[in-house]
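Data from target.txt: compact mmCIF, C-alpha atoms and all ligand atoms
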# COMPACT_ATOMS: atom_id res chain seq x y z
CA MET A 42 17.70 30.95 -21.62
CA THR A 43 17.48 27.87 -19.42
CA HIS A 44 16.83 24.61 -21.23
CA PHE A 45 15.13 21.60 -19.65
CA ASP A 46 14.44 18.05 -20.75
CA LEU A 47 10.85 18.46 -19.60
CA LEU A 48 8.71 21.37 -18.47
CA ILE A 49 5.41 20.86 -16.66
CA GLN A 50 3.44 24.02 -17.35
CA ASN A 51 0.35 25.78 -16.04
CA GLY A 52 -0.43 23.35 -13.20
CA THR A 53 -0.95 23.87 -9.48
CA ALA A 54 2.05 22.27 -7.80
CA VAL A 55 1.46 20.69 -4.39
CA LEU A 56 4.75 21.52 -2.68
CA PRO A 57 5.65 20.50 0.91
CA TRP A 58 5.00 24.13 1.89
CA GLY A 59 1.68 24.56 0.11
CA GLU A 60 -0.03 24.82 -3.24
CA VAL A 61 1.72 27.08 -5.73
CA ALA A 62 0.96 27.93 -9.36
CA ALA A 63 4.43 27.12 -10.68
CA ASP A 64 5.98 25.53 -13.74
CA ILE A 65 8.46 22.76 -12.96
CA GLY A 66 11.63 22.12 -14.95
CA VAL A 67 13.20 18.65 -15.15
CA ARG A 68 16.73 17.74 -16.17
CA ASN A 69 18.39 14.29 -16.12
CA GLY A 70 15.39 12.74 -14.38
CA ARG A 71 15.51 15.17 -11.48
CA ILE A 72 13.65 18.32 -10.55
CA ALA A 73 15.87 21.19 -11.73
CA ALA A 74 13.69 24.22 -11.02
CA ILE A 75 10.38 25.20 -9.46
CA GLY A 76 8.80 28.34 -10.84
CA ALA A 77 10.82 27.65 -13.96
CA SER A 78 10.79 29.44 -17.27
CA GLY A 79 12.76 28.39 -20.30
CA THR A 80 12.74 26.04 -23.23
CA ALA A 81 12.38 22.27 -23.10
CA ASP A 82 12.59 19.19 -25.29
CA ALA A 83 9.14 18.16 -24.07
CA VAL A 84 6.28 20.04 -22.46
CA VAL A 85 3.42 18.65 -20.43
CA ASP A 86 0.46 21.00 -20.26
CA ALA A 87 -1.04 20.72 -16.79
CA THR A 88 -3.71 23.39 -17.23
CA GLY A 89 -6.50 22.68 -14.76
CA LEU A 90 -4.49 19.93 -13.05
CA HIS A 91 -2.80 19.56 -9.67
CA VAL A 92 0.81 18.41 -9.89
CA LEU A 93 1.48 16.08 -6.97
CA PRO A 94 4.76 14.39 -6.11
CA GLY A 95 4.72 10.86 -7.55
CA LEU A 96 2.35 8.94 -5.29
CA ILE A 97 3.57 5.76 -3.55
CA ASP A 98 1.60 2.64 -2.60
CA PRO A 99 3.75 0.99 0.07
CA HIS A 100 1.66 -2.19 0.29
CA VAL A 101 1.00 -4.41 -2.74
CA HIS A 102 1.12 -8.15 -3.40
CA LEU A 103 2.12 -8.57 -7.05
CA ARG A 104 2.19 -12.38 -6.79
CA ASP A 105 5.32 -12.79 -8.91
CA PRO A 106 6.55 -15.52 -8.93
CA GLY A 107 3.14 -17.13 -8.68
CA ASP A 108 0.16 -17.69 -10.94
CA PRO A 109 0.26 -15.34 -13.97
CA THR A 110 -3.47 -15.75 -14.56
CA ILE A 111 -4.00 -13.85 -11.29
CA GLU A 112 -1.30 -11.16 -11.43
CA THR A 113 2.30 -10.56 -12.51
CA LEU A 114 4.80 -7.85 -11.80
CA PRO A 115 4.43 -6.35 -15.32
CA THR A 116 0.62 -6.28 -15.14
CA GLY A 117 0.52 -5.07 -11.53
CA THR A 118 2.91 -2.22 -12.19
CA LYS A 119 1.01 -1.29 -15.37
CA ALA A 120 -2.07 -1.08 -13.17
CA ALA A 121 -0.08 1.10 -10.77
CA VAL A 122 0.91 3.72 -13.36
CA LEU A 123 -2.60 3.73 -14.88
CA GLY A 124 -3.85 4.45 -11.39
CA GLY A 125 -1.41 7.34 -10.88
CA LEU A 126 1.28 5.63 -8.78
CA ALA A 127 4.98 6.33 -9.35
CA ALA A 128 6.23 3.60 -6.99
CA VAL A 129 4.95 0.51 -5.19
CA PHE A 130 6.50 -1.61 -2.43
CA ASP A 131 5.88 -5.30 -3.05
CA MET A 132 5.20 -7.92 -0.38
CA PRO A 133 7.28 -11.12 -0.09
CA ASN A 134 4.54 -13.80 0.19
CA THR A 135 4.99 -15.00 -3.38
CA THR A 136 5.58 -18.62 -4.53
CA PRO A 137 8.30 -19.07 -3.44
CA SER A 138 8.55 -16.33 -0.80
CA ILE A 139 11.33 -13.70 -0.89
CA THR A 140 13.29 -14.74 2.19
CA ASN A 141 16.99 -15.00 1.28
CA ALA A 142 19.74 -13.14 -0.57
CA ASP A 143 19.43 -15.23 -3.74
CA ARG A 144 15.73 -14.51 -4.06
CA VAL A 145 16.24 -10.81 -3.35
CA ALA A 146 18.96 -10.69 -6.02
CA TRP A 147 16.66 -12.45 -8.51
CA LYS A 148 13.85 -10.00 -7.76
CA GLN A 149 16.12 -6.94 -8.07
CA GLY A 150 16.97 -7.97 -11.64
CA TYR A 151 13.41 -8.96 -12.47
CA ILE A 152 12.10 -5.56 -11.33
CA GLU A 153 14.66 -3.60 -13.34
CA ALA A 154 13.75 -5.54 -16.51
CA ASN A 155 9.96 -5.67 -16.15
CA SER A 156 8.48 -2.97 -13.94
CA TRP A 157 6.53 0.02 -15.25
CA CYS A 158 7.03 1.97 -12.02
CA ASP A 159 9.78 2.25 -9.43
CA MET A 160 9.67 -0.40 -6.74
CA GLY A 161 10.70 -1.31 -3.24
CA LEU A 162 10.57 -4.93 -2.11
CA TYR A 163 10.00 -6.50 1.27
CA VAL A 164 11.98 -9.42 2.65
CA GLY A 165 9.87 -11.96 4.53
CA ALA A 166 11.02 -12.95 8.02
CA THR A 167 11.01 -16.66 8.92
CA ASN A 168 12.17 -18.56 11.97
CA GLY A 169 15.06 -19.76 9.79
CA ASN A 170 16.38 -16.45 8.40
CA THR A 171 16.27 -14.22 11.49
CA PRO A 172 20.07 -13.92 11.89
CA GLU A 173 20.40 -12.71 8.27
CA LEU A 174 17.68 -10.04 8.40
CA GLY A 175 20.14 -7.25 9.30
CA MET A 176 22.07 -7.99 6.11
CA LEU A 177 19.01 -8.64 3.92
CA GLU A 178 17.37 -5.31 4.86
CA THR A 179 20.36 -3.39 3.48
CA MET A 180 20.24 -4.99 0.01
CA ALA A 181 19.38 -2.60 -2.84
CA GLY A 182 15.67 -1.82 -3.15
CA VAL A 183 14.65 -3.51 0.09
CA CYS A 184 12.10 -1.26 1.79
CA ALA A 185 11.74 -3.33 4.99
CA VAL A 186 11.51 -6.73 6.59
CA LYS A 187 7.89 -7.96 6.68
CA VAL A 188 6.68 -10.16 9.51
CA PHE A 189 3.40 -12.03 9.43
CA ALA A 190 2.75 -12.23 13.20
CA GLY A 191 -0.66 -13.70 12.33
CA SER A 192 -1.17 -16.15 9.48
CA SER A 193 -2.69 -14.96 6.21
CA THR A 194 -2.10 -15.85 2.54
CA GLY A 195 1.09 -17.95 2.15
CA ASP A 196 3.20 -19.73 4.73
CA LEU A 197 5.12 -16.84 6.32
CA LEU A 198 4.51 -16.74 10.08
CA ILE A 199 6.36 -15.81 13.27
CA GLU A 200 3.89 -15.98 16.12
CA ASP A 201 5.72 -16.18 19.47
CA ASP A 202 7.23 -13.32 21.49
CA ALA A 203 10.74 -14.78 21.73
CA SER A 204 11.01 -15.15 17.94
CA LEU A 205 9.44 -11.73 17.35
CA GLU A 206 11.96 -10.20 19.75
CA ALA A 207 14.80 -11.96 17.91
CA VAL A 208 13.64 -10.32 14.66
CA MET A 209 13.67 -6.91 16.35
CA ARG A 210 17.22 -7.51 17.59
CA ASN A 211 18.53 -8.29 14.09
CA GLY A 212 18.80 -5.12 12.04
CA ARG A 213 18.11 -1.42 12.46
CA ARG A 214 15.47 -0.24 10.01
CA ALA A 215 11.71 -0.16 10.62
CA VAL A 216 10.11 -3.63 10.53
CA ALA A 217 6.61 -3.94 9.00
CA TYR A 218 4.04 -6.20 10.67
CA HIS A 219 0.85 -8.02 9.86
CA SER A 220 -0.49 -7.82 13.40
CA GLU A 221 -3.16 -10.29 14.44
CA ASP A 222 -2.61 -12.58 17.45
CA GLU A 223 -2.09 -16.06 15.97
CA TYR A 224 -3.00 -17.88 19.20
CA ARG A 225 -6.39 -16.20 19.42
CA LEU A 226 -6.99 -16.81 15.70
CA GLN A 227 -6.37 -20.55 16.14
CA GLU A 228 -8.33 -20.73 19.41
CA ARG A 229 -11.44 -19.17 17.85
CA ARG A 230 -11.35 -21.05 14.57
CA PRO A 231 -13.40 -24.09 15.82
CA MET A 232 -16.27 -21.74 16.78
CA PHE A 233 -16.95 -21.26 13.07
CA HIS A 234 -17.81 -23.68 10.31
CA SER A 235 -18.12 -23.84 6.58
CA GLY A 236 -21.06 -22.07 4.94
CA MET A 237 -21.53 -19.47 7.68
CA PRO A 238 -22.16 -15.93 6.36
CA TYR A 239 -19.20 -13.94 5.00
CA ARG A 240 -19.32 -11.54 7.94
CA SER A 241 -18.14 -14.48 10.09
CA HIS A 242 -14.71 -13.46 8.83
CA MET A 243 -14.66 -10.40 11.10
CA GLU A 244 -16.24 -12.32 13.98
CA TRP A 245 -13.50 -14.96 13.82
CA ARG A 246 -10.63 -12.45 13.31
CA ASP A 247 -12.19 -10.08 15.84
CA GLU A 248 -11.08 -6.72 17.23
CA GLU A 249 -9.38 -8.46 20.15
CA CYS A 250 -7.18 -10.52 17.76
CA ALA A 251 -5.83 -7.32 16.24
CA LEU A 252 -5.49 -5.46 19.55
CA LEU A 253 -3.71 -8.36 21.28
CA GLY A 254 -1.27 -8.67 18.40
CA THR A 255 -0.46 -4.97 18.38
CA ARG A 256 -0.22 -4.76 22.18
CA ARG A 257 2.37 -7.56 22.18
CA LEU A 258 4.34 -5.89 19.39
CA MET A 259 4.29 -2.53 21.20
CA ALA A 260 5.69 -4.13 24.35
CA LEU A 261 8.50 -5.72 22.33
CA ALA A 262 9.17 -2.49 20.43
CA ARG A 263 9.60 -0.57 23.72
CA LYS A 264 11.80 -3.32 25.12
CA THR A 265 14.11 -3.44 22.10
CA GLY A 266 13.77 0.14 20.84
CA ARG A 267 13.22 -1.15 17.30
CA ALA A 268 11.14 0.98 14.93
CA THR A 269 7.88 -0.87 14.33
CA HIS A 270 5.44 -0.20 11.51
CA ILE A 271 1.98 -1.70 11.99
CA LEU A 272 0.45 -2.39 8.61
CA HIS A 273 -3.27 -2.11 7.89
CA VAL A 274 -4.43 -1.05 11.37
CA SER A 275 -8.11 -1.99 11.41
CA THR A 276 -9.53 -1.21 14.86
CA ALA A 277 -10.36 1.82 17.00
CA SER A 278 -8.64 0.25 19.99
CA GLU A 279 -5.28 -0.25 18.20
CA LEU A 280 -5.34 3.36 17.01
CA GLU A 281 -5.96 4.47 20.59
CA LEU A 282 -3.03 2.34 21.78
CA LEU A 283 -0.68 3.47 18.98
CA ARG A 284 -1.04 7.12 20.05
CA ASP A 285 0.96 6.18 23.16
CA TYR A 286 3.76 4.55 21.14
CA LYS A 287 4.73 7.19 18.61
CA ASP A 288 8.32 6.98 19.93
CA VAL A 289 8.69 3.49 18.44
CA ALA A 290 5.71 2.91 16.18
CA THR A 291 4.17 4.11 12.94
CA ALA A 292 0.85 3.08 11.44
CA GLU A 293 -0.58 2.27 8.03
CA LEU A 294 -4.27 2.45 7.15
CA LEU A 295 -5.85 0.86 4.10
CA VAL A 296 -8.13 2.51 1.61
CA ASN A 297 -10.52 -0.45 2.04
CA HIS A 298 -10.94 0.25 5.77
CA LEU A 299 -11.52 3.95 4.95
CA THR A 300 -14.12 3.27 2.27
CA GLN A 301 -16.13 0.20 3.29
CA TRP A 302 -17.65 -1.09 6.50
CA ALA A 303 -19.52 -4.07 7.91
CA PRO A 304 -22.10 -5.48 7.62
CA ASP A 305 -22.77 -3.54 4.40
CA VAL A 306 -19.57 -4.73 2.64
CA TYR A 307 -20.34 -8.43 3.26
CA ASP A 308 -24.02 -8.04 2.32
CA ARG A 309 -23.14 -6.30 -0.97
CA LEU A 310 -19.92 -8.05 -1.96
CA GLY A 311 -19.81 -11.42 -0.22
CA GLY A 312 -16.38 -12.94 -0.77
CA PHE A 313 -15.21 -9.80 -2.59
CA GLY A 314 -15.24 -8.07 0.79
CA VAL A 315 -13.12 -10.68 2.59
CA MET A 316 -9.59 -9.61 3.54
CA ASN A 317 -7.14 -9.76 6.46
CA PRO A 318 -7.44 -7.94 8.76
CA PRO A 319 -11.18 -7.80 8.11
CA ILE A 320 -13.32 -4.83 7.19
CA ARG A 321 -15.24 -4.07 10.41
CA GLY A 322 -18.17 -2.06 11.77
CA LYS A 323 -18.78 1.66 11.26
CA GLU A 324 -17.16 2.67 14.58
CA HIS A 325 -13.82 1.48 13.19
CA TRP A 326 -14.38 3.43 9.97
CA HIS A 327 -14.94 6.55 12.10
CA ALA A 328 -11.80 5.82 14.12
CA ALA A 329 -9.75 5.39 10.94
CA TRP A 330 -10.82 8.81 9.67
CA ALA A 331 -10.06 10.32 13.08
CA ALA A 332 -6.55 8.86 12.76
CA ILE A 333 -6.20 10.53 9.36
CA ALA A 334 -7.34 13.82 10.89
CA ASP A 335 -5.06 13.79 13.94
CA GLY A 336 -1.91 12.33 12.37
CA THR A 337 -1.94 8.90 14.05
CA ALA A 338 -1.84 7.39 10.55
CA ASP A 339 1.53 7.75 8.82
CA THR A 340 0.84 6.02 5.51
CA ILE A 341 -2.02 4.59 3.47
CA GLY A 342 -1.86 1.64 1.12
CA SER A 343 -4.05 -0.52 -1.08
CA ASP A 344 -2.95 -3.96 0.16
CA HIS A 345 -3.55 -5.00 -3.45
CA ALA A 346 -3.97 -8.78 -3.01
CA PRO A 347 -5.47 -10.37 -6.12
CA HIS A 348 -7.15 -13.78 -6.09
CA PRO A 349 -9.03 -15.59 -8.90
CA HIS A 350 -12.59 -14.40 -9.50
CA ALA A 351 -13.89 -17.97 -9.15
CA ALA A 352 -12.14 -18.41 -5.79
CA LYS A 353 -13.74 -15.22 -4.43
CA LEU A 354 -17.16 -16.76 -5.19
CA LYS A 355 -16.47 -19.66 -2.82
CA PRO A 356 -18.35 -19.81 0.47
CA TRP A 357 -16.68 -18.67 3.70
CA PRO A 358 -14.13 -19.79 4.86
CA GLU A 359 -12.89 -21.43 1.65
CA VAL A 360 -12.86 -17.97 0.04
CA PRO A 361 -9.27 -16.60 0.01
CA ALA A 362 -8.68 -13.30 1.83
CA GLY A 363 -7.46 -10.29 -0.14
CA LEU A 364 -8.75 -7.60 -2.50
CA THR A 365 -7.30 -5.95 -5.61
CA GLY A 366 -6.59 -2.24 -5.25
CA VAL A 367 -3.36 -0.91 -6.78
CA GLN A 368 -5.17 0.66 -9.74
CA THR A 369 -7.99 2.17 -7.70
CA LEU A 370 -6.12 3.59 -4.67
CA VAL A 371 -5.56 7.08 -6.08
CA PRO A 372 -9.03 7.55 -7.62
CA VAL A 373 -10.77 6.40 -4.42
CA MET A 374 -8.59 8.67 -2.26
CA LEU A 375 -9.20 11.65 -4.59
CA ASP A 376 -12.91 10.99 -4.22
CA HIS A 377 -12.48 11.12 -0.44
CA VAL A 378 -10.67 14.47 -0.85
CA ASN A 379 -13.58 15.80 -2.89
CA ALA A 380 -16.02 14.51 -0.27
CA GLY A 381 -14.15 16.61 2.31
CA ARG A 382 -12.80 13.70 4.37
CA LEU A 383 -9.18 14.86 4.04
CA SER A 384 -7.27 17.59 2.26
CA LEU A 385 -5.21 17.03 -0.86
CA ALA A 386 -2.18 18.06 1.22
CA ARG A 387 -2.89 15.33 3.78
CA MET A 388 -3.36 12.76 1.01
CA VAL A 389 0.07 13.69 -0.36
CA ASP A 390 1.50 13.55 3.18
CA LEU A 391 0.15 10.00 3.58
CA MET A 392 1.26 8.81 0.13
CA CYS A 393 4.64 10.57 -0.23
CA ALA A 394 6.14 12.09 2.92
CA GLY A 395 4.72 9.29 5.08
CA PRO A 396 6.30 6.37 3.17
CA ALA A 397 9.52 8.39 2.82
CA ARG A 398 9.69 8.90 6.60
CA VAL A 399 8.71 5.37 7.62
CA TYR A 400 10.87 3.45 5.12
CA GLY A 401 13.72 5.95 4.66
CA VAL A 402 13.14 6.63 0.96
CA VAL A 403 16.01 8.62 -0.53
CA GLY A 404 15.37 11.28 -3.19
CA LYS A 405 11.63 10.76 -3.68
CA GLY A 406 8.40 11.81 -2.02
CA ARG A 407 8.48 15.58 -2.39
CA ILE A 408 8.57 18.17 -5.10
CA ALA A 409 11.89 19.84 -4.37
CA ALA A 410 14.97 20.68 -6.41
CA GLY A 411 17.29 17.69 -6.75
CA TYR A 412 14.59 15.11 -6.00
CA ASP A 413 13.53 12.52 -8.59
CA ALA A 414 11.16 14.03 -11.15
CA ASP A 415 8.21 11.83 -10.12
CA PHE A 416 4.77 13.40 -10.52
CA THR A 417 1.14 12.37 -10.42
CA LEU A 418 -1.04 14.86 -12.31
CA VAL A 419 -4.63 14.79 -11.14
CA ASP A 420 -7.85 16.40 -12.33
CA MET A 421 -9.87 17.07 -9.20
CA LYS A 422 -13.04 17.71 -11.26
CA GLN A 423 -12.93 14.66 -13.51
CA LYS A 424 -15.89 12.30 -12.98
CA ARG A 425 -15.47 8.61 -13.82
CA MET A 426 -16.82 5.29 -12.75
CA ILE A 427 -14.57 2.45 -11.60
CA THR A 428 -15.50 -0.74 -13.46
CA ASN A 429 -14.08 -4.26 -13.62
CA ASP A 430 -13.27 -3.89 -17.32
CA TRP A 431 -10.79 -1.06 -16.55
CA ILE A 432 -8.73 -3.37 -14.31
CA VAL A 433 -5.57 -4.67 -16.02
CA THR A 434 -4.69 -7.17 -13.28
CA PRO A 435 -5.46 -10.52 -15.00
CA CYS A 436 -7.97 -11.70 -12.39
CA GLY A 437 -10.06 -8.77 -13.62
CA TRP A 438 -12.14 -7.55 -10.70
CA THR A 439 -12.22 -4.73 -8.16
CA PRO A 440 -14.26 -4.38 -4.95
CA PHE A 441 -15.01 -0.81 -6.15
CA ASP A 442 -16.79 -1.91 -9.36
CA GLY A 443 -19.60 0.57 -10.06
CA MET A 444 -18.25 3.30 -7.74
CA ALA A 445 -18.71 6.83 -9.09
CA ILE A 446 -15.54 8.86 -8.51
CA THR A 447 -14.79 12.58 -8.65
CA GLY A 448 -11.05 13.23 -9.11
CA TRP A 449 -8.85 11.18 -11.41
CA PRO A 450 -5.12 10.66 -12.18
CA MET A 451 -4.41 12.04 -15.67
CA ALA A 452 -0.64 11.46 -15.92
CA THR A 453 2.14 9.57 -14.19
CA ILE A 454 5.70 10.84 -14.66
CA ILE A 455 8.62 8.83 -13.27
CA ARG A 456 12.15 10.29 -13.24
CA GLY A 457 11.11 12.65 -16.01
CA ARG A 458 9.55 9.98 -18.25
CA THR A 459 5.82 10.24 -18.92
CA VAL A 460 4.64 6.64 -18.44
CA MET A 461 0.87 7.32 -18.38
CA ARG A 462 -1.13 10.09 -20.00
CA ASP A 463 -4.94 10.24 -20.26
CA GLY A 464 -5.42 6.57 -19.50
CA GLU A 465 -2.71 5.31 -21.85
CA VAL A 466 0.51 3.60 -20.79
CA LEU A 467 3.46 4.90 -22.84
CA GLY A 468 6.84 3.50 -23.84
CA GLU A 469 8.48 0.46 -22.30
CA PRO A 470 8.82 -0.75 -18.70
CA GLY A 471 11.56 1.46 -17.21
CA GLY A 472 11.07 1.01 -13.48
CA ARG A 473 14.01 0.97 -11.11
CA LEU A 474 14.62 0.03 -7.52
CA VAL A 475 13.81 2.76 -5.00
CA ASN A 476 16.79 3.89 -2.89
CA PHE A 477 16.50 3.52 0.87
CA ALA A 478 18.76 4.88 3.58
CA ALA A 479 20.73 1.93 4.95
O1 LIG B 501 -6.22 -10.10 2.88
C1 LIG B 501 -5.02 -10.31 2.81
N1 LIG B 501 -4.48 -10.81 1.67
N2 LIG B 501 -4.24 -10.05 3.85
C2 LIG B 501 -2.96 -10.45 3.88
O2 LIG B 501 -2.34 -10.28 4.90
C3 LIG B 501 -2.35 -11.14 2.74
C4 LIG B 501 -3.08 -10.85 1.49
C5 LIG B 501 -2.74 -11.82 0.41
O3 LIG B 501 -1.55 -11.99 0.12
O4 LIG B 501 -3.65 -12.41 -0.16
ZN ZN B 502 -0.90 -7.21 2.61
If you took the structure in this file and wrote it as structure tokens, what would it be?
Amino acid sequence: MTHFDLLIQNGTAVLPWGEVAADIGVRNGRIAAIGASGTADAVVDATGLHVLPGLIDPHVHLRDPGDPTIETLPTGTKAAVLGGLAAVFDMPNTTPSITNADRVAWKQGYIEANSWCDMGLYVGATNGNTPELGMLETMAGVCAVKVFAGSSTGDLLIEDDASLEAVMRNGRRAVAYHSEDEYRLQERRPMFHSGMPYRSHMEWRDEECALLGTRRLMALARKTGRATHILHVSTASELELLRDYKDVATAELLVNHLTQWAPDVYDRLGGFGVMNPPIRGKEHWHAAWAAIADGTADTIGSDHAPHPHAAKLKPWPEVPAGLTGVQTLVPVMLDHVNAGRLSLARMVDLMCAGPARVYGVVGKGRIAAGYDADFTLVDMKQKRMITNDWIVTPCGWTPFDGMAITGWPMATIIRGRTVMRDGEVLGEPGGRLVNFAA
């Protein structure tokens, strides 16, 4: 009789080749058998649940080092596993930013001692570190170089074509971009003044800012042949353009842009709807869903970017840009599945296979023998409401407060360890660095 460390029984497994009613056996933190029968040290009963590969949020800002009253790596990763995520990739615009080998080395150790989930980390590109990027992107746990080609929170910025081209010519892996044209952002800024309505945010950082930025990056990507990942694509026109650049480019969409639209979001939420790139009109929401339907979108993320509650109450433009989201990404996406906007298989494609393909994740992102035993168990029928008091990020708010959800993550299993079950975080932080192909 075969013996496993863990057996996940009676669930519907979402395999790369379809949904199958199959028990899954785990040994030494890896998937040992699908359609398994045998004995086990531990059993998870998944009756009535779908067993997904461990879901990945490839875009979070955990703010560590930074201000612990807003967010920390331990609290942000606790939020992640409560929300059904097995891994997150963390952005470099912390205080200080992660831009050199010493800071990467510090963060590698900090993650392995404090994270509840597995993690990748971005290295921030600067005009000073460009020659080292090829080395930095091969350090353990580094998911990609991140370039802010338009300014946002923090001081990371590379705005001109020559410097952007130099980044592309240093290194080989996909580079991830915040794409808004900095020159147009600066040029338009004087047209707006303090105290104007919150929707001014999307009028200042308009569709043309995003399109211009992405058009310039696509030209440079073709010229250099460097794989280029455009984060948080927010406009119909960029999605149209990106369809002609699939040889060099991949695209991320955000749950916020798939769930909220202007002017409604600014009327309802004020500063709690302000982020970069902005949430825009309904035609862009339609375009985003079309890009989910036709495959233009490769990944989805939360862009979890916490700011103090009091700061989000400030008038525009003093209000900082960014919205919390790591804990709510999976519930909101499951609700979209139940509403018929995408299939569960496509959600898994966007949150597992997509990040694996774009970032070169090794040994995660699919339920297959030999892969890490990462699972997100979801109850597609569970009805809950998202509320601020559920949020464990210290700043304590979510733009989805009061949203009724159908579909909820019931367990998070990482390398065979159950770290969340029925809304409770279990054990100690045991997260590790994700492996990436060099
Ligand atoms: O809204 C945003 N907030 N967009 C970004 O690009 C950065 C993020 C943050 O770090 O606050
Ligand atoms: Zn971001």
Taking a cut-off of 10 Å and counting all atoms listed in the file, can you build a table that, for each residue of chain A near ligand ZN 502 (chain B), reports the nearest atom pair and how far apart they are in Å (one decimal), sorted by chain then residue number, as JSON lines?
{"residue": "A:Pro99", "atom": "CA", "partner": "B:ZN502", "partner_atom": "ZN", "distance": 9.8}
{"residue": "A:His100", "atom": "CA", "partner": "B:ZN502", "partner_atom": "ZN", "distance": 6.1}
{"residue": "A:Val101", "atom": "CA", "partner": "B:ZN502", "partner_atom": "ZN", "distance": 6.3}
{"residue": "A:His102", "atom": "CA", "partner": "B:ZN502", "partner_atom": "ZN", "distance": 6.4}
{"residue": "A:Asp131", "atom": "CA", "partner": "B:ZN502", "partner_atom": "ZN", "distance": 9.0}
{"residue": "A:Met132", "atom": "CA", "partner": "B:ZN502", "partner_atom": "ZN", "distance": 6.8}
{"residue": "A:Pro133", "atom": "CA", "partner": "B:ZN502", "partner_atom": "ZN", "distance": 9.5}
{"residue": "A:Asn134", "atom": "CA", "partner": "B:ZN502", "partner_atom": "ZN", "distance": 8.9}
{"residue": "A:Lys187", "atom": "CA", "partner": "B:ZN502", "partner_atom": "ZN", "distance": 9.7}
{"residue": "A:Phe189", "atom": "CA", "partner": "B:ZN502", "partner_atom": "ZN", "distance": 9.4}
{"residue": "A:Ser193", "atom": "CA", "partner": "B:ZN502", "partner_atom": "ZN", "distance": 8.7}
{"residue": "A:Thr194", "atom": "CA", "partner": "B:ZN502", "partner_atom": "ZN", "distance": 8.7}
{"residue": "A:Tyr218", "atom": "CA", "partner": "B:ZN502", "partner_atom": "ZN", "distance": 9.5}
{"residue": "A:His219", "atom": "CA", "partner": "B:ZN502", "partner_atom": "ZN", "distance": 7.5}
{"residue": "A:Leu272", "atom": "CA", "partner": "B:ZN502", "partner_atom": "ZN", "distance": 7.8}
{"residue": "A:His273", "atom": "CA", "partner": "B:ZN502", "partner_atom": "ZN", "distance": 7.7}
{"residue": "A:Leu295", "atom": "CA", "partner": "B:ZN502", "partner_atom": "ZN", "distance": 9.6}
{"residue": "A:Met316", "atom": "CA", "partner": "B:ZN502", "partner_atom": "ZN", "distance": 9.1}
{"residue": "A:Asn317", "atom": "CA", "partner": "B:ZN502", "partner_atom": "ZN", "distance": 7.8}
{"residue": "A:Pro318", "atom": "CA", "partner": "B:ZN502", "partner_atom": "ZN", "distance": 9.0}
{"residue": "A:Gly342", "atom": "CA", "partner": "B:ZN502", "partner_atom": "ZN", "distance": 9.0}
{"residue": "A:Ser343", "atom": "CA", "partner": "B:ZN502", "partner_atom": "ZN", "distance": 8.3}
{"residue": "A:Asp344", "atom": "CA", "partner": "B:ZN502", "partner_atom": "ZN", "distance": 4.6}
{"residue": "A:His345", "atom": "CA", "partner": "B:ZN502", "partner_atom": "ZN", "distance": 7.0}
{"residue": "A:Ala346", "atom": "CA", "partner": "B:ZN502", "partner_atom": "ZN", "distance": 6.6}
{"residue": "A:Ala362", "atom": "CA", "partner": "B:ZN502", "partner_atom": "ZN", "distance": 9.9}
{"residue": "A:Gly363", "atom": "CA", "partner": "B:ZN502", "partner_atom": "ZN", "distance": 7.8}
{"residue": "A:Leu364", "atom": "CA", "partner": "B:ZN502", "partner_atom": "ZN", "distance": 9.4}
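Among the candidate residues A:Pro304, A:Gly404, A:Gly125, A:Gly150, the one lying nearest to Pro372 of chain A is A:Gly125, with distances computed using all atoms listed in the file.
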Size and centre in Å, one decimal, axis-aligned box, all listed ligand LIG 501 (chain B) atoms plus 8 Å per side, as JSON:
{"center_x": -3.9, "center_y": -11.2, "center_z": 2.4, "size_x": 20.7, "size_y": 18.4, "size_z": 21.1}
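Relative to atom CA of Met444 of chain A, atom CA of Tyr239 of chain A is found at 21.5 Å.
Nearest-residue note for ligand LIG 501 (chain B): choosing from A:Tyr286, A:Tyr307, A:Trp58, A:Phe313, the minimum distance belongs to A:Phe313, counting all atoms listed in the file.
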Using all atoms listed in the file, the shortest atom-to-atom distance to Gly457 of chain A among A:Glu200, A:Asp98, A:Glu153, A:Asp413 belongs to A:Asp413
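Coordinates place atom CA of Ile454 of chain A at a distance of 10.9 Å from atom CA of Leu123 of chain A.
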Could N, CA and C atoms be built for segment 297-302 of chain A and written out as an mmCIF file, keeping the file's coordinate frame?
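Below is the file rebuild-v4.cif, written as the result:
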data_model
loop_
_atom_site.group_PDB
_atom_site.id
_atom_site.type_symbol
_atom_site.label_atom_id
_atom_site.label_comp_id
_atom_site.auth_asym_id
_atom_site.auth_seq_id
_atom_site.Cartn_x
_atom_site.Cartn_y
_atom_site.Cartn_z
ATOM 1 N N ASN A 297 -9.320 0.370 1.858
ATOM 2 C CA ASN A 297 -10.520 -0.450 2.040
ATOM 3 C C ASN A 297 -11.206 -0.132 3.368
ATOM 4 N N HIS A 298 -10.386 -0.013 4.443
ATOM 5 C CA HIS A 298 -10.940 0.250 5.770
ATOM 6 C C HIS A 298 -11.468 1.688 5.876
ATOM 7 N N LEU A 299 -11.047 2.551 4.950
ATOM 8 C CA LEU A 299 -11.520 3.950 4.950
ATOM 9 C C LEU A 299 -12.740 4.134 4.059
ATOM 10 N N THR A 300 -13.103 3.097 3.308
ATOM 11 C CA THR A 300 -14.120 3.270 2.270
ATOM 12 C C THR A 300 -15.314 2.340 2.467
ATOM 13 N N GLN A 301 -15.072 1.203 3.132
ATOM 14 C CA GLN A 301 -16.130 0.200 3.290
ATOM 15 C C GLN A 301 -16.276 -0.168 4.755
ATOM 16 N N TRP A 302 -17.430 -0.682 5.116
ATOM 17 C CA TRP A 302 -17.650 -1.090 6.500
ATOM 18 C C TRP A 302 -18.631 -2.260 6.545
#
